[in-house]
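Take a look at the structure set out below.
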Amino acid sequence: MHELSIAIEIIDIIQEETIKRKLKSISEVGVSIGAISGIDPEALSFSFEAAAINSPLAKTKLVIEQVPVKGRCRLCGKYMQIDDFIFLCPHCDSTDIDITQGEEINLQYLVEA
C-alpha cells in the first residue's frame, strides 16, 4: 500500500509548511490526485488518518479532489478530456495522445485552525 508512504510524505510537508509559515495548527488540507496517478483516494484518506493519529494533525481533515485525465493529440494538435480511459482523439480518431493532466498529486491548500 504505497498510499501510506504518500500520506506520511503529505504529513511531513504539512509540518514543514506549518513551521515555515508560523501557523498554529491545521484544520484542513486539500490535495488533488490525478485519475490515473495510481493512488486510491479512499486508501490515501485512511492512511492519512492512521499516520496522523498521534501527531498535531490528528484532527486535520484531508480533502481530496480527483483531477480528470486530459491530453493533446499529437496528430491534429487538439486538446481533449479523456473520459472512461478511452485514449482516442474525438477530432481525428488518433490514439497518439500526450497526457497533459491526470497523473499528478499536488498539495493544494492548508487551512489554519
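Residue numbers start at 1 in each chain; chains themselves are named A, B, ... in the order of the C-alpha cells; ligands are numbered from 1 in the order shown.
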
Practice task
as an MDAnalysis selection string, please: all residues of range 29-68 of chain A that backbone DSSP puts in alpha helix (DSSP H).
Solution key: chainID A and resid 41:52

Residues of range 25-67 of chain A at most 7 Å from range 3-17 of chain A: nearest atom pair and distance in Å, only C-alpha atoms, as a tab-separated table:
residue	atom	partner	partner_atom	distance
A:Ile39	CA	A:Glu3	CA	6.6
A:Ala43	CA	A:Glu3	CA	6.2
A:Leu44	CA	A:Glu3	CA	4.9
A:Ser47	CA	A:Leu4	CA	4.9
A:Phe48	CA	A:Ala7	CA	4.8
A:Ala51	CA	A:Ile8	CA	6.3

Contact residues around His91 in chain A with only C-alpha atoms at 12 Å, ignoring same-chain residues under 5 positions, as a PDB file with N, CA and C atoms, in the first residue's frame:
ATOM      1  N   ARG A  72      -3.444  15.878 -25.269  1.00  0.00           N
ATOM      2  CA  ARG A  72      -3.293  16.617 -26.522  1.00  0.00           C
ATOM      3  C   ARG A  72      -2.930  15.613 -27.606  1.00  0.00           C
ATOM      4  N   CYS A  73      -3.679  15.668 -28.676  1.00  0.00           N
ATOM      5  CA  CYS A  73      -3.441  14.766 -29.800  1.00  0.00           C
ATOM      6  C   CYS A  73      -2.167  15.194 -30.529  1.00  0.00           C
ATOM      7  N   ARG A  74      -1.266  14.262 -30.756  1.00  0.00           N
ATOM      8  CA  ARG A  74      -0.033  14.565 -31.481  1.00  0.00           C
ATOM      9  C   ARG A  74      -0.283  14.739 -32.979  1.00  0.00           C
ATOM     10  N   LEU A  75      -1.357  14.157 -33.472  1.00  0.00           N
ATOM     11  CA  LEU A  75      -1.642  14.223 -34.906  1.00  0.00           C
ATOM     12  C   LEU A  75      -2.297  15.545 -35.301  1.00  0.00           C
ATOM     13  N   CYS A  76      -3.385  15.935 -34.609  1.00  0.00           N
ATOM     14  CA  CYS A  76      -4.100  17.154 -35.001  1.00  0.00           C
ATOM     15  C   CYS A  76      -3.845  18.336 -34.056  1.00  0.00           C
ATOM     16  N   GLY A  77      -3.187  18.072 -32.918  1.00  0.00           N
ATOM     17  CA  GLY A  77      -2.827  19.154 -32.004  1.00  0.00           C
ATOM     18  C   GLY A  77      -3.941  19.624 -31.087  1.00  0.00           C
ATOM     19  N   LYS A  78      -5.121  19.009 -31.138  1.00  0.00           N
ATOM     20  CA  LYS A  78      -6.257  19.429 -30.311  1.00  0.00           C
ATOM     21  C   LYS A  78      -6.137  18.851 -28.895  1.00  0.00           C
ATOM     22  N   TYR A  79      -6.679  19.621 -27.950  1.00  0.00           N
ATOM     23  CA  TYR A  79      -6.725  19.200 -26.551  1.00  0.00           C
ATOM     24  C   TYR A  79      -8.086  18.578 -26.262  1.00  0.00           C
ATOM     25  N   MET A  80      -8.111  17.631 -25.329  1.00  0.00           N
ATOM     26  CA  MET A  80      -9.362  16.956 -25.001  1.00  0.00           C
ATOM     27  C   MET A  80      -9.345  16.428 -23.580  1.00  0.00           C
ATOM     28  N   GLN A  81     -10.522  16.213 -23.032  1.00  0.00           N
ATOM     29  CA  GLN A  81     -10.653  15.481 -21.783  1.00  0.00           C
ATOM     30  C   GLN A  81     -10.858  14.025 -22.153  1.00  0.00           C
ATOM     31  N   ILE A  97      -1.709  10.192 -28.279  1.00  0.00           N
ATOM     32  CA  ILE A  97      -2.102  11.269 -27.372  1.00  0.00           C
ATOM     33  C   ILE A  97      -1.062  11.448 -26.268  1.00  0.00           C
TER      34      ILE A  97
END

Practice task
Go through A:Ala58, A:Cys92, A:Ile86, A:Ala50 one by one, measure the shortest atom-to-atom distance of each to Ile26 in chain A using only C-alpha atoms, and give the residue with the smallest value.
Solution key: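 Looking at the shortest contact to Ile26 in chain A, the residue is A:Ala58.
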
Exercise for the section: Find, counting only C-alpha atoms, the residue in A:Cys89, A:Asp83, A:Leu62, A:Lys70 that gets nearest to Glu103 in chain A. Expected result: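 So, comparing all the options, the nearest one is A:Lys70.
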
Wanna dump the range 41-71 of chain A-range 27-34 of chain A contacts at 9 Å for me, each residue with its shortest atom pair and the distance in Å to one decimal, counting only C-alpha atoms, ordered by chain and number, as CSV?
residue,atom,partner,partner_atom,distance
A:Pro41,CA,A:Ile33,CA,7.7
A:Leu57,CA,A:Ser27,CA,7.8
A:Lys59,CA,A:Ser27,CA,6.8
A:Thr60,CA,A:Ser27,CA,4.6
A:Lys61,CA,A:Glu28,CA,4.6
A:Leu62,CA,A:Val29,CA,5.1
A:Val63,CA,A:Gly30,CA,4.7
A:Ile64,CA,A:Val31,CA,5.0
A:Glu65,CA,A:Ser32,CA,4.6
A:Gln66,CA,A:Ile33,CA,5.1
A:Val67,CA,A:Gly34,CA,4.5
A:Pro68,CA,A:Gly34,CA,6.2
A:Val69,CA,A:Gly34,CA,6.9

So that I have them on file, write out the residues from the current selection with C-alpha atoms, as a PDB file, in the first residue's frame.
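What landed in selection27.pdb:
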ATOM      1  CA  PRO A  41      -8.304   8.207  -2.739  1.00  0.00           C
ATOM      2  CA  LEU A  57      -2.513  16.723  12.691  1.00  0.00           C
ATOM      3  CA  LYS A  59      -7.868  16.250  13.813  1.00  0.00           C
ATOM      4  CA  THR A  60      -6.875  17.583  10.391  1.00  0.00           C
ATOM      5  CA  LYS A  61      -9.345  16.827   7.610  1.00  0.00           C
ATOM      6  CA  LEU A  62      -7.905  15.631   4.309  1.00  0.00           C
ATOM      7  CA  VAL A  63      -9.940  16.854   1.317  1.00  0.00           C
ATOM      8  CA  ILE A  64      -9.192  15.016  -1.918  1.00  0.00           C
ATOM      9  CA  GLU A  65     -10.077  16.380  -5.352  1.00  0.00           C
ATOM     10  CA  GLN A  66      -9.953  13.940  -8.252  1.00  0.00           C
ATOM     11  CA  VAL A  67      -8.333  15.531 -11.322  1.00  0.00           C
ATOM     12  CA  PRO A  68      -9.653  14.270 -14.684  1.00  0.00           C
ATOM     13  CA  VAL A  69      -7.394  12.987 -17.438  1.00  0.00           C
TER      14      VAL A  69
END

Handout entry: In chain A, DSSP strand (DSSP E or B) residues written as a PyMOL selection string
Key = chain A and resi 26-34+61-67+69-73+79-82+97-101+105-112

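Rounded to one decimal, CA of Ile105 in chain A and CA of Ala52 in chain A lie 19.0 Å from each other.
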
Handout entry: Contact residues around Ser25 in chain A with only C-alpha atoms at 7 Å, ignoring same-chain residues under 2 positions, as a VMD selection string
Key = chain A and resid 23 27 112 to 113

Exercise for the section: Have a look at CA of Glu42 in chain A and CA of Lys24 in chain A and let me know their distance in Å, one decimal. Expected result: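 Computing the Euclidean distance for CA of Glu42 in chain A and CA of Lys24 in chain A yields 27.7 Å.
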